[in-house]
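> Sharing a structure, written as structure tokens. Questions coming.
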Amino acid sequence: PPPGQQRGRPRLLLMGQRRSGKSSISSVVFHKMPPMETLFLESTTKIQKDPIHSFMDFQVWDFPGQLDYLDDTFDFDNIFGELGALIWVIDAQDEILDPLSRLHSTIIALQRSYPMINIEVFIHKVDGLSDEYKLDTMRDIMQRTQDELADAGFDNVQISYHLTSIYDHSIFEAFSKVIQKLLPQLGTLENLLNVLCSNSGIEKAFLFDVLSKIYIATDSSPVDVQSYEICSDFIDVIVDVSEIYGYDRKNPDEAAQPSPPVSPGAAPAENTQEVSSIIKLQNGMVLYLREINKFLALICLMRKESIEKKGLVDYNVQIFQNALQRVFELGGGVRVALAQGPDE
Ligand code: GDP
């Protein structure tokens with residue numbers, strides 16, 4: 001079975017007031033809806049269980065803003081049991097006091113039975129707000145939340161805050177951070193990526209979930225927005241091209257379902273025709289993409305001198321791919337030996 005499917009599936013729950021942007025977020029991130037089209041989305045009125053065919057196979061439950069889930073008759077376990085992270089969406093362009101008090105009562109209620117759920121606050125729709133206003137709003141929300149929880153006797157609740165918008169990459173970055181925390185193999189993946197980079201002259205490497213364009217791991221050099229954006233745009237190009245020119249990748253169990261919007265994911269494991277692609281940029285950098293498995297693609301950014309030793313890069317990427325396979329099979333650490341280029 002694909003990674004993550006035999007063990008529990010990390011589940012994400014998206015909550016927040018009506019019109020805060022929940023449906024828009026799940027449509028843009030998981031269903032490739034252009035952000036402008038969310039203007040015509042109908043507001044959510046019921047709990048939507050939204051199965052997603054991506055690496056994690058997590059679910060986004062789009063939760064109606066007004067439902068009184070703290071009511072006694074509500075099936076708490078059904079909603080919060082097995083939840084990896086609760087994502088709370090607050091509309092930063094709207095009044096925040098009422099949404100905040102709902103967030104606070106939710107956190108307090110969760111502390112009783114589910115203190116291990118990660119709480120992630122998306123301060124959303126920050127496009128169009130000045131940097132100063134964004135940060136003030138964030139500080140205000142953090143302070144009020146901390147005070148409120150301290151008054152209720154909870155001093156050490158870990159809460160993460162993210163400034164997000166569907167009109168730029170911030171929503172994808174925020175999801176990357178949320179998902180990375182739920183990955184027990186993250187440390188191993190980062191180590192593998194570090195080793196790959198240092199042995200192959202790669203400056204930055206991302207492991208992307210192709211469907212959502214969320215990166216699930218990267219090497220430990222700092223992420224700069226531009227390289228992230230260029231890698232993420234590269235996926236779109238490759239998906240489009242391989243949909244037009246690629247071979248038929250449907251595997252039997254997927255053929256029965258409506259096909260997911262992305263094809264490079266679906267290569268059977270024994271199929272060696274993984275998509276791979278190299279693009280040379282005008283500034284002397286090179287983008288290298290290699291499909292890793294059904295859901296994941298490796299994207300590397302390197303100088304053009306590094307790709308002159310393409311054989312070395314290909315070889316190391318192949319070893320990396322095999323190692324990754326084993327990480328997901330064994331769930332633990334694996335050792336790898338990569339080839340090293342001659343020292344310069
Ligand atoms: P829901 O009721 O929480 O599901 O909210 P919707 O997804 O229906 O969104 C409500 C409105 O907010 C829609 O008109 C969206 O276009 C808009 N919206 C969602 N996300 C953003 C964002 O990041 N920026 C801006 N400016 N508008 C957004």
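Identifiers in the structure tokens: chain A, B, ... in order shown; residue index from 1 per chain; ligand index from 1 in order shown.
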Give the residue list for ligand 1 at 6 Å, counting only C-alpha atoms and all ligand atoms, as number ranges by chain, sorted by chain and then by residue number.
A: 18-24, 38-39, 41-44, 124-125, 127, 165-167
> Keeping C-alpha atoms for every residue in the selection just given, could you write it to a file as an mmCIF file, in the first residue's frame?

data_model
loop_
_atom_site.group_PDB
_atom_site.id
_atom_site.type_symbol
_atom_site.label_atom_id
_atom_site.label_comp_id
_atom_site.auth_asym_id
_atom_site.auth_seq_id
_atom_site.Cartn_x
_atom_site.Cartn_y
_atom_site.Cartn_z
ATOM 1 C CA ARG A 18 -18.732 30.818 8.044
ATOM 2 C CA ARG A 19 -17.124 32.780 5.195
ATOM 3 C CA SER A 20 -13.715 32.612 6.826
ATOM 4 C CA GLY A 21 -12.398 30.834 3.732
ATOM 5 C CA LYS A 22 -12.414 27.102 4.546
ATOM 6 C CA SER A 23 -13.966 25.871 1.305
ATOM 7 C CA SER A 24 -11.736 28.184 -0.668
ATOM 8 C CA THR A 38 -13.657 30.868 -4.949
ATOM 9 C CA LEU A 39 -15.679 34.066 -5.087
ATOM 10 C CA LEU A 41 -18.188 29.067 -3.871
ATOM 11 C CA GLU A 42 -21.205 28.364 -1.754
ATOM 12 C CA SER A 43 -20.544 28.675 1.923
ATOM 13 C CA THR A 44 -20.232 25.387 3.755
ATOM 14 C CA HIS A 124 -6.323 34.129 6.685
ATOM 15 C CA LYS A 125 -7.047 36.562 3.818
ATOM 16 C CA ASP A 127 -3.575 39.608 1.004
ATOM 17 C CA SER A 165 -3.860 33.774 1.681
ATOM 18 C CA ILE A 166 -5.110 31.726 -1.232
ATOM 19 C CA TYR A 167 -3.775 34.369 -3.613
#
> Excluding range 27-34 of chain A and any residue of its chain fewer than 4 positions from it, enumerate the residues within 8 Å of it, using only C-alpha atoms, and give them as an mmCIF file with all heavy atoms, in the first residue's frame.

data_model
loop_
_atom_site.group_PDB
_atom_site.id
_atom_site.type_symbol
_atom_site.label_atom_id
_atom_site.label_comp_id
_atom_site.auth_asym_id
_atom_site.auth_seq_id
_atom_site.Cartn_x
_atom_site.Cartn_y
_atom_site.Cartn_z
ATOM 1 N N SER A 23 -13.748 26.567 2.581
ATOM 2 C CA SER A 23 -13.966 25.871 1.305
ATOM 3 C C SER A 23 -12.970 26.352 0.268
ATOM 4 O O SER A 23 -12.472 25.573 -0.547
ATOM 5 C CB SER A 23 -15.367 26.111 0.753
ATOM 6 O OG SER A 23 -16.294 26.104 1.767
ATOM 7 N N THR A 38 -13.048 31.121 -6.252
ATOM 8 C CA THR A 38 -13.657 30.868 -4.949
ATOM 9 C C THR A 38 -14.683 31.925 -4.588
ATOM 10 O O THR A 38 -15.479 31.750 -3.686
ATOM 11 C CB THR A 38 -12.605 30.840 -3.816
ATOM 12 O OG1 THR A 38 -12.005 32.137 -3.707
ATOM 13 C CG2 THR A 38 -11.528 29.813 -4.093
ATOM 14 N N ILE A 52 -8.748 12.814 0.121
ATOM 15 C CA ILE A 52 -7.792 13.387 -0.818
ATOM 16 C C ILE A 52 -6.785 12.336 -1.241
ATOM 17 O O ILE A 52 -6.212 11.667 -0.397
ATOM 18 C CB ILE A 52 -7.077 14.579 -0.174
ATOM 19 C CG1 ILE A 52 -8.080 15.727 -0.016
ATOM 20 C CG2 ILE A 52 -5.910 15.042 -1.021
ATOM 21 C CD1 ILE A 52 -7.676 16.687 1.018
ATOM 22 N N ILE A 166 -5.052 32.636 -0.079
ATOM 23 C CA ILE A 166 -5.110 31.726 -1.232
ATOM 24 C C ILE A 166 -4.552 32.379 -2.489
ATOM 25 O O ILE A 166 -4.404 31.733 -3.513
ATOM 26 C CB ILE A 166 -6.553 31.230 -1.527
ATOM 27 C CG1 ILE A 166 -7.501 32.412 -1.670
ATOM 28 C CG2 ILE A 166 -7.023 30.256 -0.455
ATOM 29 C CD1 ILE A 166 -8.870 32.028 -2.220
ATOM 30 N N ILE A 171 -0.452 29.897 1.637
ATOM 31 C CA ILE A 171 -1.336 28.834 2.114
ATOM 32 C C ILE A 171 -0.650 27.463 1.960
ATOM 33 O O ILE A 171 -0.791 26.578 2.803
ATOM 34 C CB ILE A 171 -2.724 28.892 1.405
ATOM 35 C CG1 ILE A 171 -3.713 27.953 2.084
ATOM 36 C CG2 ILE A 171 -2.644 28.559 -0.073
ATOM 37 C CD1 ILE A 171 -4.146 28.400 3.453
ATOM 38 N N PHE A 172 0.144 27.318 0.889
ATOM 39 C CA PHE A 172 0.857 26.044 0.685
ATOM 40 C C PHE A 172 1.979 25.881 1.715
ATOM 41 O O PHE A 172 2.179 24.798 2.249
ATOM 42 C CB PHE A 172 1.426 25.981 -0.736
ATOM 43 C CG PHE A 172 0.358 25.972 -1.787
ATOM 44 C CD1 PHE A 172 -0.083 27.146 -2.365
ATOM 45 C CD2 PHE A 172 -0.232 24.773 -2.184
ATOM 46 C CE1 PHE A 172 -1.084 27.144 -3.326
ATOM 47 C CE2 PHE A 172 -1.233 24.752 -3.146
ATOM 48 C CZ PHE A 172 -1.658 25.948 -3.714
ATOM 49 N N LEU A 211 -0.010 16.270 -6.009
ATOM 50 C CA LEU A 211 -1.396 16.707 -6.122
ATOM 51 C C LEU A 211 -1.620 18.093 -5.501
ATOM 52 O O LEU A 211 -2.244 18.961 -6.080
ATOM 53 C CB LEU A 211 -2.345 15.713 -5.454
ATOM 54 C CG LEU A 211 -3.780 16.230 -5.405
ATOM 55 C CD1 LEU A 211 -4.560 15.834 -6.632
ATOM 56 C CD2 LEU A 211 -4.488 15.817 -4.144
ATOM 57 N N SER A 212 -1.107 18.292 -4.309
ATOM 58 C CA SER A 212 -1.413 19.526 -3.593
ATOM 59 C C SER A 212 -0.320 20.585 -3.743
ATOM 60 O O SER A 212 -0.538 21.737 -3.396
ATOM 61 C CB SER A 212 -1.591 19.226 -2.110
ATOM 62 O OG SER A 212 -0.399 18.673 -1.579
ATOM 63 N N LYS A 213 0.864 20.186 -4.249
ATOM 64 C CA LYS A 213 2.018 21.079 -4.283
ATOM 65 C C LYS A 213 2.431 21.534 -2.872
ATOM 66 O O LYS A 213 2.953 22.615 -2.678
ATOM 67 C CB LYS A 213 1.775 22.283 -5.192
ATOM 68 C CG LYS A 213 1.679 21.879 -6.645
ATOM 69 C CD LYS A 213 1.797 23.069 -7.562
ATOM 70 C CE LYS A 213 0.577 23.955 -7.407
ATOM 71 N NZ LYS A 213 0.734 25.237 -8.126
ATOM 72 N N PRO A 261 -6.997 14.518 -10.317
ATOM 73 C CA PRO A 261 -6.646 15.482 -11.346
ATOM 74 C C PRO A 261 -5.189 15.435 -11.808
ATOM 75 O O PRO A 261 -4.808 16.125 -12.712
ATOM 76 C CB PRO A 261 -6.930 16.821 -10.681
ATOM 77 C CG PRO A 261 -6.985 16.553 -9.222
ATOM 78 C CD PRO A 261 -7.397 15.140 -9.065
#
> How far is it from CA of Glu291 in chain A to CA of Ala85 in chain A, in Å with one decimal?
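So the two atoms, CA of Glu291 in chain A and CA of Ala85 in chain A, lie 27.9 Å apart.
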> Smallest atom-to-atom distance to Leu83 in chain A: which of A:Gln226, A:Asn156, A:Ser113, A:Ser306, using only C-alpha atoms?
A:Ser113
> Taking only C-alpha atoms into account, produce a table as CSV in which each residue of range 75-94 of chain A with an atom at most 9 Å from an atom of range 98-112 of chain A appears once, together with its shortest atom pair and the distance in Å to one decimal, ordered by chain and rising number.

residue,atom,partner,partner_atom,distance
A:Phe80,CA,A:Leu110,CA,8.3
A:Trp88,CA,A:Leu103,CA,7.2
A:Val89,CA,A:Pro99,CA,8.9
A:Ile90,CA,A:Pro99,CA,6.7
A:Asp91,CA,A:Pro99,CA,8.6
> Have a look at A:Val157, A:Met285, A:Leu97, A:Ile179 and name the one nearest to Leu13 in chain A; count only C-alpha atoms.
A:Ile179
> Select, from A:Tyr161, A:Tyr228, A:Phe208, A:Phe234, the residue with the minimum atom-to-atom distance to Ile123 in chain A, counting only C-alpha atoms.
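So, comparing all the options, the nearest one is A:Tyr161.
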> When you draw a straight line from CA of Leu298 in chain A to CA of Ser160 in chain A, how long is it in Å?
27.2 Å
> I need the residue nearest Glu82 in chain A from this list: A:Arg11, A:Lys309, A:Arg144, A:Lys134. Use only C-alpha atoms for the distance.
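For Glu82 in chain A, the nearest of the given residues is A:Arg11.
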> Work out how far CA of Ser277 in chain A is from CA of Arg290 in chain A, in Å to one decimal.
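Computed distance, CA of Arg290 in chain A to CA of Ser277 in chain A, equals 6.6 Å.
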> Could you pull out all residues of range 102-214 of chain A with a DSSP call of helix (DSSP H, G or I) and give them as number ranges by chain?
A: 102-113, 131-151, 170-180, 186-200
